[in-house]
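Data file: final_3.pdb. Format and content: PDB, C-alpha atoms.
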```
ATOM      1  CA  VAL A  85     -11.254  34.650   3.860
ATOM      2  CA  GLU A  86     -13.252  35.767   6.884
ATOM      3  CA  ARG A  87     -15.249  32.630   7.567
ATOM      4  CA  LEU A  88     -14.829  28.880   7.059
ATOM      5  CA  GLN A  89     -17.822  26.558   6.995
ATOM      6  CA  PHE A  90     -17.447  22.786   7.010
ATOM      7  CA  ARG A  91     -20.230  20.669   5.542
ATOM      8  CA  PHE A  92     -20.328  16.894   5.935
ATOM      9  CA  ILE A  93     -21.984  15.255   2.925
ATOM     10  CA  ALA A  94     -22.261  11.466   2.976
ATOM     11  CA  ASP A  95     -23.037  11.046  -0.728
ATOM     12  CA  PRO A  96     -19.986  11.814  -2.950
ATOM     13  CA  GLU A  97     -22.188  12.351  -6.004
ATOM     14  CA  ALA A  98     -24.340  14.867  -4.134
ATOM     15  CA  ALA A  99     -21.172  16.699  -3.114
ATOM     16  CA  THR A 100     -20.046  16.857  -6.750
ATOM     17  CA  ILE A 101     -23.411  18.309  -7.797
ATOM     18  CA  LEU A 102     -23.100  20.990  -5.119
ATOM     19  CA  MET A 103     -19.580  21.738  -6.342
ATOM     20  CA  LYS A 104     -20.829  22.236  -9.878
ATOM     21  CA  ALA A 105     -23.589  24.517  -8.576
ATOM     22  CA  GLY A 106     -21.046  26.698  -6.805
ATOM     23  CA  GLU A 107     -22.281  25.841  -3.320
ATOM     24  CA  ILE A 108     -18.961  24.237  -2.292
ATOM     25  CA  ASP A 109     -15.584  25.928  -2.644
ATOM     26  CA  VAL A 110     -13.273  23.039  -1.721
ATOM     27  CA  LEU A 111     -14.093  19.340  -2.164
ATOM     28  CA  PRO A 112     -11.622  16.643  -0.990
ATOM     29  CA  VAL A 113     -11.865  13.481  -3.121
ATOM     30  CA  ASP A 114     -10.140  10.108  -3.304
ATOM     31  CA  VAL A 115      -7.598   9.174  -5.979
ATOM     32  CA  GLU A 116     -10.137   7.512  -8.287
ATOM     33  CA  LYS A 117     -12.451  10.527  -8.212
ATOM     34  CA  PHE A 118      -9.495  12.856  -8.712
ATOM     35  CA  LEU A 119      -8.301  10.997 -11.802
ATOM     36  CA  ASN A 120     -11.785  10.674 -13.303
ATOM     37  CA  ALA A 121     -12.597  14.351 -12.720
ATOM     38  CA  ARG A 122     -10.639  15.373 -15.807
ATOM     39  CA  GLU A 123     -13.265  13.624 -17.934
ATOM     40  CA  ASP A 124     -16.077  15.603 -16.307
ATOM     41  CA  LYS A 125     -16.137  18.734 -18.499
ATOM     42  CA  GLU A 126     -18.898  20.364 -16.471
ATOM     43  CA  LEU A 127     -16.894  19.981 -13.276
ATOM     44  CA  MET A 128     -13.667  21.168 -14.894
ATOM     45  CA  GLU A 129     -15.385  24.361 -15.993
ATOM     46  CA  VAL A 130     -15.913  25.410 -12.372
ATOM     47  CA  ALA A 131     -13.146  23.593 -10.521
ATOM     48  CA  TRP A 132      -9.359  23.366 -10.441
ATOM     49  CA  ARG A 133      -7.686  20.147  -9.358
ATOM     50  CA  THR A 134      -4.627  19.827  -7.202
ATOM     51  CA  SER A 135      -3.142  16.901  -5.294
ATOM     52  CA  TYR A 136      -0.936  16.489  -2.239
ATOM     53  CA  ILE A 137       0.765  13.583  -0.508
ATOM     54  CA  LEU A 138      -0.103  12.867   3.119
ATOM     55  CA  PRO A 139       2.690  11.832   5.521
ATOM     56  CA  VAL A 140       1.432   8.244   5.618
ATOM     57  CA  ALA A 141       2.563   5.006   4.001
ATOM     58  CA  ASP A 142       1.226   1.527   3.302
ATOM     59  CA  VAL A 143       3.486  -0.976   5.058
ATOM     60  CA  ILE A 144       3.706  -4.745   5.374
ATOM     61  CA  GLY A 145       4.929  -5.882   8.763
ATOM     62  CA  PHE A 146       6.611  -9.274   9.232
ATOM     63  CA  ASN A 147       6.522 -11.331  12.430
ATOM     64  CA  LEU A 148       9.983 -12.651  13.302
ATOM     65  CA  ARG A 149       8.682 -15.018  16.009
ATOM     66  CA  ASP A 150       6.871 -18.319  15.589
ATOM     67  CA  PRO A 151       3.127 -17.605  16.119
ATOM     68  CA  ASP A 152       2.731 -21.077  17.668
ATOM     69  CA  ASP A 153       5.677 -20.672  20.048
ATOM     70  CA  LEU A 154       6.941 -17.140  20.575
ATOM     71  CA  SER A 155      10.129 -18.432  22.171
ATOM     72  CA  LYS A 156      11.214 -19.665  18.743
ATOM     73  CA  PRO A 157      12.069 -17.761  15.555
ATOM     74  CA  HIS A 158       9.515 -17.741  12.766
ATOM     75  CA  PRO A 159      10.079 -20.862  10.619
ATOM     76  CA  VAL A 160       9.930 -18.814   7.420
ATOM     77  CA  LEU A 161      10.167 -15.077   8.079
ATOM     78  CA  SER A 162      13.028 -15.063  10.594
ATOM     79  CA  ASP A 163      15.376 -15.369   7.596
ATOM     80  CA  ALA A 164      16.175 -11.887   6.256
ATOM     81  CA  ARG A 165      16.721 -13.340   2.774
ATOM     82  CA  VAL A 166      13.124 -14.561   2.712
ATOM     83  CA  ARG A 167      11.759 -11.203   3.846
ATOM     84  CA  THR A 168      13.848  -9.431   1.220
ATOM     85  CA  ALA A 169      12.638 -11.859  -1.437
ATOM     86  CA  PHE A 170       8.999 -11.189  -0.568
ATOM     87  CA  ALA A 171       9.722  -7.452  -0.733
ATOM     88  CA  HIS A 172      11.037  -7.943  -4.278
ATOM     89  CA  LEU A 173       7.711  -9.597  -5.188
ATOM     90  CA  TYR A 174       5.445  -6.729  -4.139
ATOM     91  CA  PRO A 175       4.711  -4.826  -7.393
ATOM     92  CA  ARG A 176       4.891  -1.311  -5.947
ATOM     93  CA  GLU A 177       5.669   0.403  -9.224
ATOM     94  CA  GLY A 178       2.731  -1.178 -11.027
ATOM     95  CA  ILE A 179       0.314  -0.492  -8.172
ATOM     96  CA  LEU A 180       1.397   3.150  -7.976
ATOM     97  CA  ALA A 181       1.020   3.637 -11.724
ATOM     98  CA  GLU A 182      -2.182   1.693 -12.329
ATOM     99  CA  ARG A 183      -4.197   2.195  -9.139
ATOM    100  CA  GLU A 184      -2.904   5.528  -7.876
ATOM    101  CA  GLY A 185      -2.335   7.293 -11.190
ATOM    102  CA  GLY A 186       1.258   7.938 -10.183
ATOM    103  CA  LEU A 187       0.098  10.107  -7.264
ATOM    104  CA  GLY A 188       2.496   8.881  -4.628
ATOM    105  CA  VAL A 189       6.073   8.023  -3.783
ATOM    106  CA  ILE A 190       7.703   4.652  -3.185
ATOM    107  CA  HIS A 191       9.293   4.925   0.250
ATOM    108  CA  ASP A 192      12.831   3.899   1.103
ATOM    109  CA  GLY A 193      12.168   3.712   4.832
ATOM    110  CA  PRO A 194       9.746   4.457   7.668
ATOM    111  CA  PHE A 195      10.126   8.249   7.555
ATOM    112  CA  ASP A 196       8.448  10.785   5.285
ATOM    113  CA  PHE A 197      10.434  11.244   2.083
ATOM    114  CA  ARG A 198      10.380  15.029   2.649
ATOM    115  CA  ASP A 199      12.039  14.767   6.058
ATOM    116  CA  PRO A 200      15.576  16.193   5.732
ATOM    117  CA  GLY A 201      16.743  13.949   8.566
ATOM    118  CA  ARG A 202      15.810  10.646   6.949
ATOM    119  CA  ALA A 203      18.505   8.224   5.822
ATOM    120  CA  THR A 204      19.252   8.257   2.101
ATOM    121  CA  SER A 205      21.917   5.550   2.009
ATOM    122  CA  HIS A 206      19.698   2.930   0.377
ATOM    123  CA  ALA A 207      17.086   2.847  -2.356
ATOM    124  CA  PRO A 208      13.690   1.099  -2.225
ATOM    125  CA  LEU A 209      13.845  -2.551  -3.252
ATOM    126  CA  PRO A 210      12.616  -2.853  -6.855
ATOM    127  CA  PHE A 211      10.081  -5.369  -8.145
ATOM    128  CA  ASP A 212      12.405  -8.198  -9.174
ATOM    129  CA  PRO A 213      10.981 -11.756  -9.268
ATOM    130  CA  ALA A 214      14.269 -13.210 -10.530
ATOM    131  CA  ARG A 215      16.149 -11.792  -7.547
ATOM    132  CA  ALA A 216      13.396 -13.048  -5.238
ATOM    133  CA  ALA A 217      13.698 -16.573  -6.619
ATOM    134  CA  ALA A 218      17.487 -16.493  -6.172
ATOM    135  CA  LEU A 219      17.119 -15.373  -2.540
ATOM    136  CA  PHE A 220      14.610 -18.138  -1.825
ATOM    137  CA  ASP A 221      17.085 -20.648  -3.277
ATOM    138  CA  GLU A 222      19.890 -19.172  -1.167
ATOM    139  CA  ALA A 223      17.739 -19.506   1.951
ATOM    140  CA  GLY A 224      17.159 -23.202   1.172
ATOM    141  CA  PHE A 225      13.569 -22.906  -0.039
ATOM    142  CA  VAL A 226      13.856 -24.803  -3.314
ATOM    143  CA  ARG A 227      11.123 -25.762  -5.748
ATOM    144  CA  GLY A 228       9.832 -29.302  -5.655
ATOM    145  CA  LYS A 229       8.299 -31.370  -8.436
ATOM    146  CA  ASP A 230       4.919 -29.803  -7.662
ATOM    147  CA  GLY A 231       6.340 -26.312  -8.285
ATOM    148  CA  TRP A 232       6.091 -25.142  -4.659
ATOM    149  CA  ARG A 233       9.080 -24.211  -2.545
ATOM    150  CA  ALA A 234      10.022 -25.810   0.755
ATOM    151  CA  ARG A 235      12.994 -26.142   3.095
ATOM    152  CA  GLY A 236      12.800 -29.699   4.332
ATOM    153  CA  ASP A 237       9.265 -30.138   5.660
ATOM    154  CA  GLN A 238       8.668 -26.379   5.954
ATOM    155  CA  ALA A 239       6.627 -24.965   3.084
ATOM    156  CA  LEU A 240       7.375 -21.432   1.864
ATOM    157  CA  ARG A 241       4.090 -19.924   2.897
ATOM    158  CA  MET A 242       2.843 -16.926   4.827
ATOM    159  CA  ALA A 243      -0.516 -15.369   5.651
ATOM    160  CA  VAL A 244      -1.004 -11.601   5.346
ATOM    161  CA  PHE A 245      -3.777 -10.145   7.513
ATOM    162  CA  VAL A 246      -5.800  -7.114   6.404
ATOM    163  CA  LEU A 247      -8.908  -5.417   7.760
ATOM    164  CA  ALA A 248     -12.192  -5.939   5.919
ATOM    165  CA  GLY A 249     -13.378  -3.108   3.684
ATOM    166  CA  ARG A 250      -9.857  -2.030   2.727
ATOM    167  CA  ASN A 251     -10.131  -2.693  -1.016
ATOM    168  CA  TYR A 252      -7.181  -0.394  -1.613
ATOM    169  CA  TRP A 253      -5.097  -3.098   0.109
ATOM    170  CA  THR A 254      -6.874  -6.360  -0.747
ATOM    171  CA  GLU A 255      -6.534  -5.778  -4.494
ATOM    172  CA  PRO A 256      -2.776  -5.040  -4.374
ATOM    173  CA  LEU A 257      -2.365  -8.083  -2.130
ATOM    174  CA  SER A 258      -3.987 -10.213  -4.825
ATOM    175  CA  TYR A 259      -1.299  -8.977  -7.248
ATOM    176  CA  PHE A 260       1.349  -9.780  -4.636
ATOM    177  CA  ARG A 261      -0.028 -13.288  -4.177
ATOM    178  CA  SER A 262      -0.052 -13.862  -7.936
ATOM    179  CA  GLU A 263       3.592 -12.814  -8.296
ATOM    180  CA  ALA A 264       4.645 -14.947  -5.319
ATOM    181  CA  ARG A 265       2.958 -18.029  -6.738
ATOM    182  CA  LYS A 266       4.827 -17.593 -10.019
ATOM    183  CA  VAL A 267       8.091 -18.299  -8.196
ATOM    184  CA  GLY A 268       6.719 -21.079  -5.980
ATOM    185  CA  ALA A 269       5.778 -19.177  -2.810
ATOM    186  CA  GLU A 270       2.287 -19.106  -1.326
ATOM    187  CA  VAL A 271       0.759 -15.976   0.153
ATOM    188  CA  ASP A 272      -2.618 -16.325   1.858
ATOM    189  CA  VAL A 273      -4.656 -13.139   2.250
ATOM    190  CA  LYS A 274      -6.600 -13.226   5.541
ATOM    191  CA  VAL A 275      -9.359 -10.611   5.784
ATOM    192  CA  ILE A 276     -10.534  -9.957   9.352
ATOM    193  CA  PRO A 277     -13.478  -7.757  10.411
ATOM    194  CA  SER A 278     -11.619  -5.962  13.219
ATOM    195  CA  GLY A 279      -8.933  -6.316  15.866
ATOM    196  CA  LEU A 280      -5.808  -5.960  13.735
ATOM    197  CA  SER A 281      -3.905  -4.055  16.432
ATOM    198  CA  GLN A 282      -4.745  -6.733  18.999
ATOM    199  CA  LEU A 283      -3.607  -9.424  16.573
ATOM    200  CA  VAL A 284      -0.310  -7.642  16.010
ATOM    201  CA  SER A 285       0.207  -7.216  19.765
ATOM    202  CA  SER A 286      -0.396 -10.935  20.302
ATOM    203  CA  ARG A 287       2.212 -11.838  17.631
ATOM    204  CA  LYS A 288      -0.164 -14.550  16.389
ATOM    205  CA  PHE A 289       0.347 -13.739  12.716
ATOM    206  CA  ASP A 290       2.831 -14.051   9.866
ATOM    207  CA  ALA A 291       2.433 -10.615   8.278
ATOM    208  CA  PHE A 292      -0.022  -7.727   8.090
ATOM    209  CA  ILE A 293      -0.614  -4.670   5.932
ATOM    210  CA  ALA A 294      -1.615  -1.351   7.449
ATOM    211  CA  LEU A 295      -1.238   2.400   7.257
ATOM    212  CA  ARG A 296       1.720   3.956   9.031
ATOM    213  CA  ARG A 297       1.994   7.654   9.792
ATOM    214  CA  SER A 298       5.466   8.974   9.024
TER
END
```
Show how you would write the structure in this file as structure tokens.
Amino acid sequence: VERLQFRFIADPEAATILMKAGEIDVLPVDVEKFLNAREDKELMEVAWRTSYILPVADVIGFNLRDPDDLSKPHPVLSDARVRTAFAHLYPREGILAEREGGLGVIHDGPFDFRDPGRATSHAPLPFDPARAAALFDEAGFVRGKDGWRARGDQALRMAVFVLAGRNYWTEPLSYFRSEARKVGAEVDVKVIPSGLSQLVSSRKFDAFIALRRS
């Protein structure tokens, strides 16, 4: 290869047409386009697919301080049993299989899974609603007659903030909310137009979902 030329094409369909015509040699695509490409016989006659995993991860961050009074612990999330229970309710395996076509890895920590220096002493928490319910009970958040959990006057509820336009997160969060409600916990999904980093810095939140570079 003696020369590389980069072309920026806003329309994905136009880029695919150019690929089929032989005017593009390499075409990066998202997961959905990658998975659907195998059904495009015309494209498969001129192209070869390959995938790779970027050193990034989707993470949910919990606030351990009370958003209304940062001098106090969070009334719900300061309890490690509650955070672990919520982790057991996030259907990672299903999301990876159904939405990502299996093209990814479930992380066991904040470092890239290919990093030889990462800790390997623990496995990722599995999707386990029964274990989540038991942990909520252990933490004192028991189900009332209305089906919702509370510890005294404190309802088992948290809000997860996500930036607008991130459908690859809002849809999985809807699954998460559904699973949480099945065991009596409420998860509110709060979509904001911008300013997530400022919100996190202010600590005026319960939880957030974002991309983390490993």
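Evaluated against the shown file, the PyMOL selection byres ((chain A and resi 254-268) around 6) gives Tyr174, Gly231, Trp232, Arg233, Asn251, Trp253, Ala269, Glu270 and Val271 of chain A.
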To verify the selection step, state as a list in words which residues the PyMOL selection byres ((chain A and resi 132) around 12) yields on this input.
Met103, Lys104, Asp109, Val110, Leu111, Pro112, Phe118, Ala121, Arg122, Asp124, Lys125, Glu126, Leu127, Met128, Glu129, Val130, Ala131, Arg133, Thr134 and Ser135 of chain A
Write out as a PyMOL selection string which residues come within 10 Å of Phe90 in chain A when counting only C-alpha atoms, dropping same-chain ones fewer than 2 positions away.
chain A and resi 88+92-93+108+110
Can you list what the PyMOL selection byres ((chain A and resi 194-210) around 12) grabs from this structure, as a VMD selection string?
chain A and resid 137 to 145 167 to 178 188 to 193 211 to 216 295 to 298
Record the distance separating CA of Leu180 in chain A and CA of Gly249 in chain A, expressed in Å with one decimal.
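Going from CA of Leu180 in chain A over to CA of Gly249 in chain A covers 19.8 Å.
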Counting all atoms listed in the file, which residues sit no farther than 7 Å from the position (11.6, -11.0, 7.9) in the file's frame? I'd like them as a list in words.
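Result, sorted by chain then residue number: Phe146, Asn147, Leu148, Leu161, Ser162, Asp163, Ala164, Val166 and Arg167 of chain A.
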At what distance in Å, to one decimal, does CA of Ala291 in chain A lie from CA of Asp272 in chain A?
10.0 Å
Report the distance between CA of Pro96 in chain A and CA of Glu116 in chain A in Å, rounded to one decimal place.
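So the answer is 12.0 Å.
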Just the residues within 10 Å of Val160 in chain A, please, counting only C-alpha atoms, with nothing from its chain fewer than 3 positions along; format it as a ChimeraX atom specification.
/A:147-150,157,163-167,223,225,234-235,238-242,290
Where is the centre and how long are the edges: axis-aligned box on range 95-102 of chain A, 3 Å on each side, Å to one decimal, as JSON:
```
{"center_x": -22.2, "center_y": 16.0, "center_z": -4.3, "size_x": 10.4, "size_y": 15.9, "size_z": 13.1}
```
Pick from A:Ile293, A:Ala94, A:Phe245, A:Asp114, whichever lies nearest to Ile276 in chain A using only C-alpha atoms:
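Among the listed residues, A:Phe245 lies closest to Ile276 in chain A.
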Around the point (1.6, -14.2, 20.4), in the coordinates given by the file, pick out the residues reaching within 12 Å, counting only C-alpha atoms, and return them as a list in words.
Asn147, Leu148, Arg149, Asp150, Pro151, Asp152, Asp153, Leu154, Ser155, Lys156, His158, Gln282, Leu283, Val284, Ser285, Ser286, Arg287, Lys288, Phe289 and Asp290 of chain A
Could you check the closest approach to Ala248 in chain A for each of A:Gly279, A:Gly228, A:Gly106, A:Pro159 and tell me which residue wins, using all atoms listed in the file?
A:Gly279
